[in-house]
Amino acid sequence: MLNFIYCNKTQYVYGEGEHRNTGALLAPFTSRVLLHYGGGSVKRTGLYDAVTDSLRTAGISFVELGGVKPNPSIELVRRGVQLCKEEGISFVLAVGGGSVIDSAKAIATGATYEGDVWDIYTRAAKPTAAPLPVATVLTLPAAGSENSPNTVITNEATGRKLGYGNEALRPVLSIVDPTLFPTLPPAQMAYGACDMLSHIFERYFTNTADTDLSDELAEGTMRTIMKQARILRREPQNVKAWGQLALCGTVAHNNLLGVGRAQSWACHALEHELSAVYDVPHGGGLAVVTPPYMELVYRYNPGIFAQWATKVMGVAPDRDTDAVIMEGIRRLRAWYREIGLPQTMGELGIPAGADFTAMAHAACTVHGGTTLPGVHPINEEEAAAIYRAAAE
Ligand code: NZQ
Ligand code: ZN
């Protein structure tokens with residue numbers, strides 16, 4: 001196990017009906033917020049009315065900015081930053097999924113910075129002050145942004161989708177109410193479950209030794225995600241299953257499962273290029289790149305992949321190691337199919353003529369290096385091979 005520091009400041013409020021307490025829960029933190037939300041689901045479901053009523057009851061005033069779209073755009077972030085500066089707002093409340101929360105974190109970052117906030121995402125600049133505090137009411141369990149220090153933003157003008165992490169961006173308060181999730185379309189449940197699983201893969205498949213506790217916690221969380229997603233595929237209104245899946249989504253990405261481990265994030269870098277260029281859902285892109293990625297890298301550390309295949313995918317260790325691992329990957333594909341995820345670039349809507357060489361270059365150089373880390377560093381040729389394998 002590697003040395004680490006783990007600090008998680010989020011006040012995490014879980015429970016059926018808790019969204020109605022948003023105002024009361026926020027009152028100890030602030031009396032005025034920027035209320036940030038997405039493209040319309042919060043109004044259709046009645047959540048907007050419930051949250052704004054609770055803010056008024058608690059004496060919290062708000063200025064609102066809706067319209068966040070999936071793969072959130074830097075353009076709306078810039079408007080949010082301007083609004084905070086003009087209105088003297090010093091707290092951002094995100095009501096939505098990962099895109100709304102990430103956009104809120106970007107606004108929180110830009111509101112205390114004089115220059116263009118995109119420069120912080122490209123690493124051309126560093127923040128000069130702490131970001132504004134952020135709170136969330138989660139409407140979609142998936143990205144884990146309700147308890148992560150990360151934000152991912154797309155710049156359509158430059159065709160880049162970039163992440164930024166800052167411990168100060170972990171929300172001060174997150175409300176996770178499973179009664180808000182049954183309005184989600186089945187595809188979003190599948191994308192979300194796939195994303196959660198990938199957040200664990202990126203940490204679990206490591207060359208770091210002596211990680212028994214985080215291995216076991218990760219394996220239990222992976223099994224629970226797969227089980228609850230299967231239940232929700234059959235019973236999309238099952239609030240108990242939504243609650244269990246949501247807790248997995250938070251644990252999958254708040255880095256408790258990643259402490260002391262060298263992490264990868266290769267599949268995320270590969271996927272972010274797909275959603276930057278083709279605006280595909282993040283979870284769908286992950287389902288397409290993950291199996292060919294595993295097939296390419298498993299031989300560099302067959303031990304951890306065989307452990308996953310047996311303990312998570314239920315493969316009997318009664319054959320040679322390669323066969324155990326390949327059966328694990330086959331079962332992963334079958335689970336993706338079962339819950340309704342795409343399997344190929346074509347199913348994701350990415351054309352056969354896509355420039356995989358250019359995307360591989362962009363993915364491998366995104367963090368300033370030339371390869372993507374993991375049990376085996378992926379170079380540009382290997383990244384392009386993964387994209388091409390997913391296109392077949
Ligand atoms: O915009 P509205 O109308 O609200 O509709 C949204 C959106 O179209 C809809 N939705 C959300 N809650 C709903 C609902 N529809 C009905 N009922 C509800 N209760 O769902 C659609 C997708 O929402 P989005 O927020 O885009 O999905 P998700 O939560 O999967 O977030 C994806 C984004 O998070 C980033 C991804 O790259 C992607 O941009 N990630 C953020 C991470 C982080 N901050 O730590 C880590 C992840 O790896 C990921 O990269
Ligand atoms: Zn993700």
# chains A, B, ... in the order shown; residues from 1 in each chain; ligands from 1
>>> select_by_dssp(residues="range 32-113 of chain A", states="strand (DSSP E)", output="JSON, numbers by chain")
{"A": [32, 33, 34, 35, 36, 37, 61, 62, 63, 64, 65, 92, 93, 94, 95, 96]}
>>> closest_atom_pairs(of="chain A", to="ligand 2", cutoff="7 Å", atoms="only C-alpha atoms and all ligand atoms", output="tab-separated table")
residue	atom	partner	partner_atom_place_in_ligand_line	distance
A:Ala143	CA	ligand 2	1 (Zn)	5.4
A:Asp195	CA	ligand 2	1 (Zn)	4.7
A:Met196	CA	ligand 2	1 (Zn)	6.7
A:Ser198	CA	ligand 2	1 (Zn)	6.5
A:His199	CA	ligand 2	1 (Zn)	5.8
A:His268	CA	ligand 2	1 (Zn)	6.2
A:His282	CA	ligand 2	1 (Zn)	6.6
A:Gly283	CA	ligand 2	1 (Zn)	6.9
>>> closest_atom_pairs(of="chain A", to="ligand 1", cutoff="6 Å", atoms="only C-alpha atoms and all ligand atoms", output="Markdown table")
| residue | atom | partner | partner_atom_place_in_ligand_line | distance |
| --- | --- | --- | --- | --- |
| A:Gly38 | CA | ligand 1 | 1 (O) | 3.7 |
| A:Gly39 | CA | ligand 1 | 1 (O) | 3.5 |
| A:Gly40 | CA | ligand 1 | 3 (O) | 3.8 |
| A:Ser41 | CA | ligand 1 | 3 (O) | 3.8 |
| A:Val42 | CA | ligand 1 | 4 (O) | 5.8 |
| A:Lys69 | CA | ligand 1 | 1 (O) | 5.4 |
| A:Pro70 | CA | ligand 1 | 26 (O) | 3.5 |
| A:Asn71 | CA | ligand 1 | 39 (O) | 3.8 |
| A:Pro72 | CA | ligand 1 | 39 (O) | 5.9 |
| A:Gly96 | CA | ligand 1 | 12 (N) | 5.5 |
| A:Gly97 | CA | ligand 1 | 25 (O) | 3.5 |
| A:Gly98 | CA | ligand 1 | 31 (O) | 3.4 |
| A:Ser99 | CA | ligand 1 | 25 (O) | 3.7 |
| A:Val100 | CA | ligand 1 | 25 (O) | 5.7 |
| A:Asp102 | CA | ligand 1 | 44 (N) | 5.2 |
| A:Thr139 | CA | ligand 1 | 19 (N) | 4.3 |
| A:Leu140 | CA | ligand 1 | 12 (N) | 4.5 |
| A:Ala142 | CA | ligand 1 | 29 (O) | 4.9 |
| A:Ala143 | CA | ligand 1 | 47 (C) | 4.3 |
| A:Gly144 | CA | ligand 1 | 45 (O) | 5.5 |
| A:Ser145 | CA | ligand 1 | 44 (N) | 4.1 |
| A:Ser148 | CA | ligand 1 | 45 (O) | 5.2 |
| A:Asn150 | CA | ligand 1 | 45 (O) | 4.3 |
| A:Thr151 | CA | ligand 1 | 44 (N) | 3.9 |
| A:Val152 | CA | ligand 1 | 41 (C) | 5.4 |
| A:Leu180 | CA | ligand 1 | 19 (N) | 5.3 |
| A:Phe181 | CA | ligand 1 | 19 (N) | 4.7 |
| A:Thr183 | CA | ligand 1 | 17 (N) | 4.2 |
| A:Leu184 | CA | ligand 1 | 17 (N) | 3.9 |
| A:Gly192 | CA | ligand 1 | 30 (O) | 5.4 |
| A:His282 | CA | ligand 1 | 37 (O) | 5.2 |
>>> write_last_selection(atoms="C-alpha atoms", output="JSON list (two decimals), in the first residue's frame")
[["chain", "number", "residue", "atom", "x", "y", "z"],
["A", 38, "GLY", "CA", -30.22, 21.16, -16.01],
["A", 39, "GLY", "CA", -32.39, 21.08, -19.07],
["A", 40, "GLY", "CA", -35.83, 20.63, -17.60],
["A", 41, "SER", "CA", -36.24, 17.37, -15.67],
["A", 42, "VAL", "CA", -36.25, 19.20, -12.32],
["A", 69, "LYS", "CA", -26.68, 19.99, -20.72],
["A", 70, "PRO", "CA", -25.04, 16.55, -20.51],
["A", 71, "ASN", "CA", -21.28, 16.94, -21.12],
["A", 72, "PRO", "CA", -21.59, 20.40, -19.57],
["A", 96, "GLY", "CA", -29.11, 17.58, -10.83],
["A", 97, "GLY", "CA", -26.79, 14.83, -12.00],
["A", 98, "GLY", "CA", -23.06, 14.80, -12.63],
["A", 99, "SER", "CA", -23.23, 17.42, -15.36],
["A", 100, "VAL", "CA", -25.04, 19.99, -13.20],
["A", 102, "ASP", "CA", -19.62, 19.57, -12.38],
["A", 139, "THR", "CA", -31.01, 13.51, -9.19],
["A", 140, "LEU", "CA", -28.96, 10.84, -10.95],
["A", 142, "ALA", "CA", -23.71, 7.90, -11.63],
["A", 143, "ALA", "CA", -20.69, 10.20, -11.75],
["A", 144, "GLY", "CA", -20.12, 10.37, -7.98],
["A", 145, "SER", "CA", -19.60, 14.14, -8.21],
["A", 148, "SER", "CA", -15.82, 13.82, -5.35],
["A", 150, "ASN", "CA", -13.54, 16.54, -9.45],
["A", 151, "THR", "CA", -15.31, 18.40, -12.25],
["A", 152, "VAL", "CA", -15.29, 17.63, -15.98],
["A", 180, "LEU", "CA", -35.87, 11.30, -6.97],
["A", 181, "PHE", "CA", -34.47, 8.53, -9.19],
["A", 183, "THR", "CA", -38.14, 9.28, -13.15],
["A", 184, "LEU", "CA", -34.83, 8.46, -14.85],
["A", 192, "GLY", "CA", -24.78, 5.42, -14.35],
["A", 282, "HIS", "CA", -20.09, 9.05, -20.60]]
>>> atom_distance(atom1="CA of Gly220 in chain A", atom2="CA of Ser275 in chain A")
29.4 Å
>>> residues_around(residues="Val315 in chain A", least_positions_apart="3", cutoff="8 Å", atoms="only C-alpha atoms", output="list in words")
Ala309, Thr310, Lys311, Val324, Glu327 and Gly328 of chain A
>>> atom_distance(atom1="CA of Glu347 in chain A", atom2="CA of Val297 in chain A")
24.0 Å
>>> closest_atom_pairs(of="range 221-253 of chain A", to="range 4-23 of chain A", cutoff="10 Å", atoms="only C-alpha atoms", output="Markdown table")
| residue | atom | partner | partner_atom | distance |
| --- | --- | --- | --- | --- |
| A:Val239 | CA | A:Glu16 | CA | 8.5 |
| A:Lys240 | CA | A:Glu16 | CA | 9.4 |
| A:Gly243 | CA | A:Gly15 | CA | 8.1 |
| A:Ala246 | CA | A:Tyr14 | CA | 9.4 |
| A:Leu247 | CA | A:Tyr14 | CA | 8.6 |
| A:Thr250 | CA | A:Tyr12 | CA | 9.8 |
>>> write_last_selection(atoms="C-alpha atoms", output="PDB file, in the first residue's frame")
ATOM      1  CA  VAL A 239     -36.743   2.960  -4.528  1.00  0.00           C
ATOM      2  CA  LYS A 240     -34.874   0.561  -2.210  1.00  0.00           C
ATOM      3  CA  GLY A 243     -30.962   3.824  -2.732  1.00  0.00           C
ATOM      4  CA  ALA A 246     -26.804   5.512  -5.198  1.00  0.00           C
ATOM      5  CA  LEU A 247     -24.692   4.694  -2.163  1.00  0.00           C
ATOM      6  CA  THR A 250     -20.841   7.663  -4.050  1.00  0.00           C
TER       7      THR A 250
END
>>> select_by_dssp(residues="range 251-300 of chain A", states="helix (DSSP H, G or I)", output="VMD selection string")
chain A and resid 251 to 253 256 to 258 266 to 278 282 to 300
>>> closest_residue(among="A:Arg233, A:Arg32, A:Arg78, A:Arg388", to="Ile350 in chain A", atoms="only C-alpha atoms")
A:Arg388
>>> closest_residue(among="A:Leu34, A:Arg79, A:Leu55, A:Pro281", to="Phe91 in chain A", atoms="only C-alpha atoms")
A:Leu34
>>> closest_residue(among="A:Phe62, A:Trp308, A:Phe356, A:Trp265", to="His253 in chain A", atoms="only C-alpha atoms")
A:Trp265
>>> residues_around(residues="Leu65 in chain A", least_positions_apart="2", cutoff="9 Å", atoms="only C-alpha atoms", output="list in words")
Leu34, Leu35, His36, Tyr37, Gly38, Val63, Gly67, Val68, Leu76, Arg79, Gly80 and Leu83 of chain A
>>> residues_around(residues="Ala241 in chain A", least_positions_apart="4", cutoff="12 Å", atoms="only C-alpha atoms", output="PyMOL selection string")
chain A and resi 141+178-179+181-182+189+224-237+245-248
>>> write_last_selection(atoms="C-alpha atoms", output="short mmCIF file (atom, residue, chain, number, x, y, z; two decimals), in the first residue's frame")
data_model
loop_
_atom_site.label_atom_id
_atom_site.label_comp_id
_atom_site.auth_asym_id
_atom_site.auth_seq_id
_atom_site.Cartn_x
_atom_site.Cartn_y
_atom_site.Cartn_z
CA PRO A 141 -26.64 8.36 -9.24
CA PRO A 178 -33.74 7.78 -3.69
CA THR A 179 -37.33 8.91 -4.35
CA PHE A 181 -34.47 8.53 -9.19
CA PRO A 182 -37.46 6.53 -10.56
CA MET A 189 -29.64 3.96 -15.02
CA THR A 224 -23.67 -4.68 -5.36
CA ILE A 225 -23.70 -2.34 -8.38
CA MET A 226 -24.24 -5.26 -10.77
CA LYS A 227 -26.97 -6.77 -8.59
CA GLN A 228 -28.91 -3.53 -8.04
CA ALA A 229 -28.68 -2.52 -11.74
CA ARG A 230 -30.18 -5.88 -12.70
CA ILE A 231 -33.03 -5.32 -10.24
CA LEU A 232 -33.62 -1.80 -11.58
CA ARG A 233 -33.67 -3.04 -15.17
CA ARG A 234 -36.69 -5.15 -14.20
CA GLU A 235 -38.17 -2.79 -11.60
CA PRO A 236 -37.30 0.83 -12.47
CA GLN A 237 -39.55 2.14 -9.68
CA LEU A 245 -27.19 1.83 -6.16
CA ALA A 246 -26.80 5.51 -5.20
CA LEU A 247 -24.69 4.69 -2.16
CA CYS A 248 -22.50 2.51 -4.38
#
>>> atom_distance(atom1="CA of Ala354 in chain A", atom2="CA of Glu295 in chain A")
21.9 Å
>>> residues_around(residues="Ala389 in chain A", least_positions_apart="3", cutoff="12 Å", atoms="only C-alpha atoms", output="short mmCIF file (atom, residue, chain, number, x, y, z; two decimals) with all heavy atoms, in the first residue's frame")
data_model
loop_
_atom_site.label_atom_id
_atom_site.label_comp_id
_atom_site.auth_asym_id
_atom_site.auth_seq_id
_atom_site.Cartn_x
_atom_site.Cartn_y
_atom_site.Cartn_z
N VAL A 288 -18.14 0.77 -24.11
CA VAL A 288 -17.55 0.40 -25.40
C VAL A 288 -16.03 0.21 -25.29
O VAL A 288 -15.47 -0.70 -25.90
CB VAL A 288 -17.94 1.48 -26.45
CG1 VAL A 288 -17.09 1.38 -27.69
CG2 VAL A 288 -19.43 1.34 -26.79
N VAL A 289 -15.35 1.07 -24.53
CA VAL A 289 -13.87 0.96 -24.50
C VAL A 289 -13.35 -0.01 -23.44
O VAL A 289 -12.21 -0.50 -23.56
CB VAL A 289 -13.18 2.33 -24.32
CG1 VAL A 289 -13.49 3.26 -25.48
CG2 VAL A 289 -13.51 2.99 -22.99
N THR A 290 -14.14 -0.31 -22.41
CA THR A 290 -13.58 -1.07 -21.28
C THR A 290 -13.21 -2.52 -21.64
O THR A 290 -12.08 -2.96 -21.32
CB THR A 290 -14.54 -1.02 -20.07
OG1 THR A 290 -14.66 0.35 -19.67
CG2 THR A 290 -14.03 -1.85 -18.90
N PRO A 291 -14.09 -3.31 -22.28
CA PRO A 291 -13.67 -4.70 -22.56
C PRO A 291 -12.41 -4.80 -23.43
O PRO A 291 -11.48 -5.56 -23.08
CB PRO A 291 -14.91 -5.32 -23.21
CG PRO A 291 -16.05 -4.51 -22.66
CD PRO A 291 -15.52 -3.11 -22.59
N PRO A 292 -12.31 -4.05 -24.56
CA PRO A 292 -11.05 -4.16 -25.32
C PRO A 292 -9.84 -3.67 -24.54
O PRO A 292 -8.72 -4.19 -24.72
CB PRO A 292 -11.29 -3.32 -26.58
CG PRO A 292 -12.54 -2.57 -26.36
CD PRO A 292 -13.32 -3.24 -25.28
N TYR A 293 -10.03 -2.69 -23.66
CA TYR A 293 -8.92 -2.24 -22.80
C TYR A 293 -8.46 -3.39 -21.91
O TYR A 293 -7.27 -3.70 -21.82
CB TYR A 293 -9.37 -1.05 -21.95
CG TYR A 293 -8.37 -0.70 -20.86
CD1 TYR A 293 -7.24 0.06 -21.14
CD2 TYR A 293 -8.55 -1.16 -19.55
CE1 TYR A 293 -6.31 0.36 -20.14
CE2 TYR A 293 -7.64 -0.87 -18.56
CZ TYR A 293 -6.52 -0.11 -18.86
OH TYR A 293 -5.59 0.16 -17.88
N MET A 294 -9.42 -4.07 -21.28
CA MET A 294 -9.06 -5.18 -20.39
C MET A 294 -8.35 -6.29 -21.17
O MET A 294 -7.36 -6.85 -20.69
CB MET A 294 -10.32 -5.76 -19.74
CG MET A 294 -10.94 -4.88 -18.69
SD MET A 294 -12.41 -5.73 -18.03
CE MET A 294 -12.71 -4.75 -16.57
N GLU A 295 -8.85 -6.59 -22.36
CA GLU A 295 -8.24 -7.66 -23.16
C GLU A 295 -6.80 -7.32 -23.52
O GLU A 295 -5.95 -8.20 -23.61
CB GLU A 295 -9.08 -7.90 -24.43
CG GLU A 295 -10.35 -8.69 -24.12
CD GLU A 295 -11.44 -8.60 -25.19
OE1 GLU A 295 -11.22 -7.90 -26.20
OE2 GLU A 295 -12.50 -9.19 -24.98
N LEU A 296 -6.52 -6.03 -23.67
CA LEU A 296 -5.15 -5.62 -24.02
C LEU A 296 -4.20 -5.67 -22.82
O LEU A 296 -3.05 -6.07 -22.94
CB LEU A 296 -5.17 -4.20 -24.60
CG LEU A 296 -3.82 -3.75 -25.15
CD1 LEU A 296 -3.78 -3.97 -26.66
CD2 LEU A 296 -3.56 -2.29 -24.85
N GLN A 343 -22.41 -1.79 -27.08
CA GLN A 343 -21.22 -2.65 -27.06
C GLN A 343 -20.18 -2.22 -28.10
O GLN A 343 -19.04 -2.65 -28.03
CB GLN A 343 -21.63 -4.10 -27.39
CG GLN A 343 -22.64 -4.67 -26.42
CD GLN A 343 -21.98 -5.29 -25.21
OE1 GLN A 343 -21.39 -6.35 -25.30
NE2 GLN A 343 -22.05 -4.62 -24.09
N THR A 344 -20.61 -1.45 -29.07
CA THR A 344 -19.71 -1.08 -30.16
C THR A 344 -19.81 0.43 -30.43
O THR A 344 -20.79 1.08 -30.04
CB THR A 344 -20.08 -1.80 -31.48
OG1 THR A 344 -21.39 -1.34 -31.86
CG2 THR A 344 -20.08 -3.31 -31.32
N MET A 345 -18.80 0.93 -31.14
CA MET A 345 -18.84 2.34 -31.55
C MET A 345 -20.10 2.62 -32.37
O MET A 345 -20.75 3.67 -32.20
CB MET A 345 -17.61 2.67 -32.42
CG MET A 345 -16.29 2.59 -31.68
SD MET A 345 -16.05 4.02 -30.61
CE MET A 345 -14.39 3.69 -30.04
N GLY A 346 -20.47 1.69 -33.23
CA GLY A 346 -21.66 1.87 -34.07
C GLY A 346 -22.91 2.03 -33.20
O GLY A 346 -23.73 2.92 -33.44
N ALA A 352 -17.98 4.80 -38.60
CA ALA A 352 -16.83 3.94 -38.92
C ALA A 352 -15.62 4.78 -39.34
O ALA A 352 -14.48 4.39 -39.11
CB ALA A 352 -17.21 2.95 -40.02
N PHE A 356 -9.63 7.65 -35.23
CA PHE A 356 -9.19 7.07 -33.96
C PHE A 356 -7.73 7.43 -33.65
O PHE A 356 -7.34 7.50 -32.49
CB PHE A 356 -9.38 5.55 -33.98
CG PHE A 356 -10.84 5.14 -34.02
CD1 PHE A 356 -11.29 4.22 -34.96
CD2 PHE A 356 -11.75 5.68 -33.13
CE1 PHE A 356 -12.63 3.85 -35.00
CE2 PHE A 356 -13.10 5.32 -33.16
CZ PHE A 356 -13.53 4.40 -34.10
N GLU A 382 -1.53 1.70 -29.01
CA GLU A 382 -2.41 0.79 -28.27
C GLU A 382 -3.79 1.42 -28.04
O GLU A 382 -4.82 0.74 -28.12
CB GLU A 382 -1.76 0.41 -26.93
CG GLU A 382 -0.54 -0.48 -27.12
CD GLU A 382 0.29 -0.60 -25.85
OE1 GLU A 382 0.50 0.43 -25.17
OE2 GLU A 382 0.74 -1.73 -25.55
N ALA A 383 -3.80 2.73 -27.76
CA ALA A 383 -5.09 3.42 -27.57
C ALA A 383 -5.92 3.35 -28.85
O ALA A 383 -7.13 3.06 -28.81
CB ALA A 383 -4.85 4.87 -27.15
N ALA A 384 -5.26 3.57 -29.98
CA ALA A 384 -5.99 3.50 -31.26
C ALA A 384 -6.49 2.09 -31.50
O ALA A 384 -7.60 1.89 -32.03
CB ALA A 384 -5.09 3.98 -32.40
N ALA A 385 -5.68 1.10 -31.10
CA ALA A 385 -6.10 -0.31 -31.27
C ALA A 385 -7.34 -0.61 -30.43
O ALA A 385 -8.23 -1.37 -30.86
CB ALA A 385 -4.95 -1.25 -30.91
N ILE A 386 -7.41 -0.03 -29.24
CA ILE A 386 -8.61 -0.23 -28.38
C ILE A 386 -9.83 0.37 -29.07
O ILE A 386 -10.89 -0.27 -29.16
CB ILE A 386 -8.38 0.40 -26.99
CG1 ILE A 386 -7.32 -0.40 -26.23
CG2 ILE A 386 -9.69 0.46 -26.20
CD1 ILE A 386 -6.79 0.29 -24.97
N GLU A 392 -15.36 -2.78 -34.12
CA GLU A 392 -15.66 -4.00 -34.93
C GLU A 392 -17.00 -4.61 -34.54
O GLU A 392 -17.42 -4.49 -33.40
CB GLU A 392 -14.54 -5.02 -34.72
CG GLU A 392 -13.29 -4.63 -35.48
CD GLU A 392 -12.05 -5.42 -35.03
OE1 GLU A 392 -12.20 -6.35 -34.21
OE2 GLU A 392 -10.97 -5.07 -35.50
#
>>> decode(residues="range 43-57 of chain A", atoms="N, CA, C and O atoms", output="compact mmCIF listing (two decimals), in the first residue's frame")
# COMPACT_ATOMS: atom_id res chain seq x y z
N LYS A 43 -37.97 20.54 -13.39
CA LYS A 43 -39.28 21.20 -13.42
C LYS A 43 -40.38 20.18 -13.70
O LYS A 43 -41.44 20.21 -13.06
N ARG A 44 -40.11 19.24 -14.60
CA ARG A 44 -41.13 18.21 -14.92
C ARG A 44 -41.45 17.34 -13.71
O ARG A 44 -42.58 16.94 -13.52
N THR A 45 -40.46 17.04 -12.90
CA THR A 45 -40.67 16.11 -11.78
C THR A 45 -41.22 16.81 -10.53
O THR A 45 -41.59 16.13 -9.57
N GLY A 46 -41.23 18.13 -10.52
CA GLY A 46 -41.70 18.85 -9.34
C GLY A 46 -40.59 19.13 -8.33
O GLY A 46 -40.82 19.79 -7.30
N LEU A 47 -39.38 18.67 -8.62
CA LEU A 47 -38.27 18.88 -7.67
C LEU A 47 -37.93 20.37 -7.53
O LEU A 47 -37.64 20.84 -6.42
N TYR A 48 -37.98 21.08 -8.65
CA TYR A 48 -37.68 22.52 -8.60
C TYR A 48 -38.59 23.22 -7.59
O TYR A 48 -38.13 23.99 -6.75
N ASP A 49 -39.90 22.92 -7.66
CA ASP A 49 -40.85 23.56 -6.74
C ASP A 49 -40.55 23.17 -5.30
O ASP A 49 -40.59 24.02 -4.39
N ALA A 50 -40.27 21.88 -5.08
CA ALA A 50 -40.01 21.42 -3.71
C ALA A 50 -38.76 22.09 -3.13
O ALA A 50 -38.74 22.53 -1.97
N VAL A 51 -37.72 22.19 -3.94
CA VAL A 51 -36.46 22.78 -3.44
C VAL A 51 -36.63 24.29 -3.22
O VAL A 51 -36.23 24.81 -2.17
N THR A 52 -37.25 24.98 -4.18
CA THR A 52 -37.38 26.44 -4.01
C THR A 52 -38.32 26.76 -2.84
O THR A 52 -38.07 27.71 -2.09
N ASP A 53 -39.37 25.95 -2.64
CA ASP A 53 -40.24 26.16 -1.47
C ASP A 53 -39.42 26.02 -0.18
O ASP A 53 -39.56 26.81 0.75
N SER A 54 -38.59 24.98 -0.14
CA SER A 54 -37.83 24.75 1.10
C SER A 54 -36.78 25.84 1.32
O SER A 54 -36.50 26.22 2.46
N LEU A 55 -36.24 26.40 0.24
CA LEU A 55 -35.29 27.52 0.38
C LEU A 55 -36.02 28.74 0.96
O LEU A 55 -35.53 29.38 1.90
N ARG A 56 -37.20 29.03 0.41
CA ARG A 56 -37.96 30.21 0.90
C ARG A 56 -38.32 30.03 2.37
O ARG A 56 -38.17 30.95 3.18
N THR A 57 -38.77 28.82 2.72
CA THR A 57 -39.16 28.57 4.10
C THR A 57 -37.97 28.77 5.04
O THR A 57 -38.12 29.25 6.17
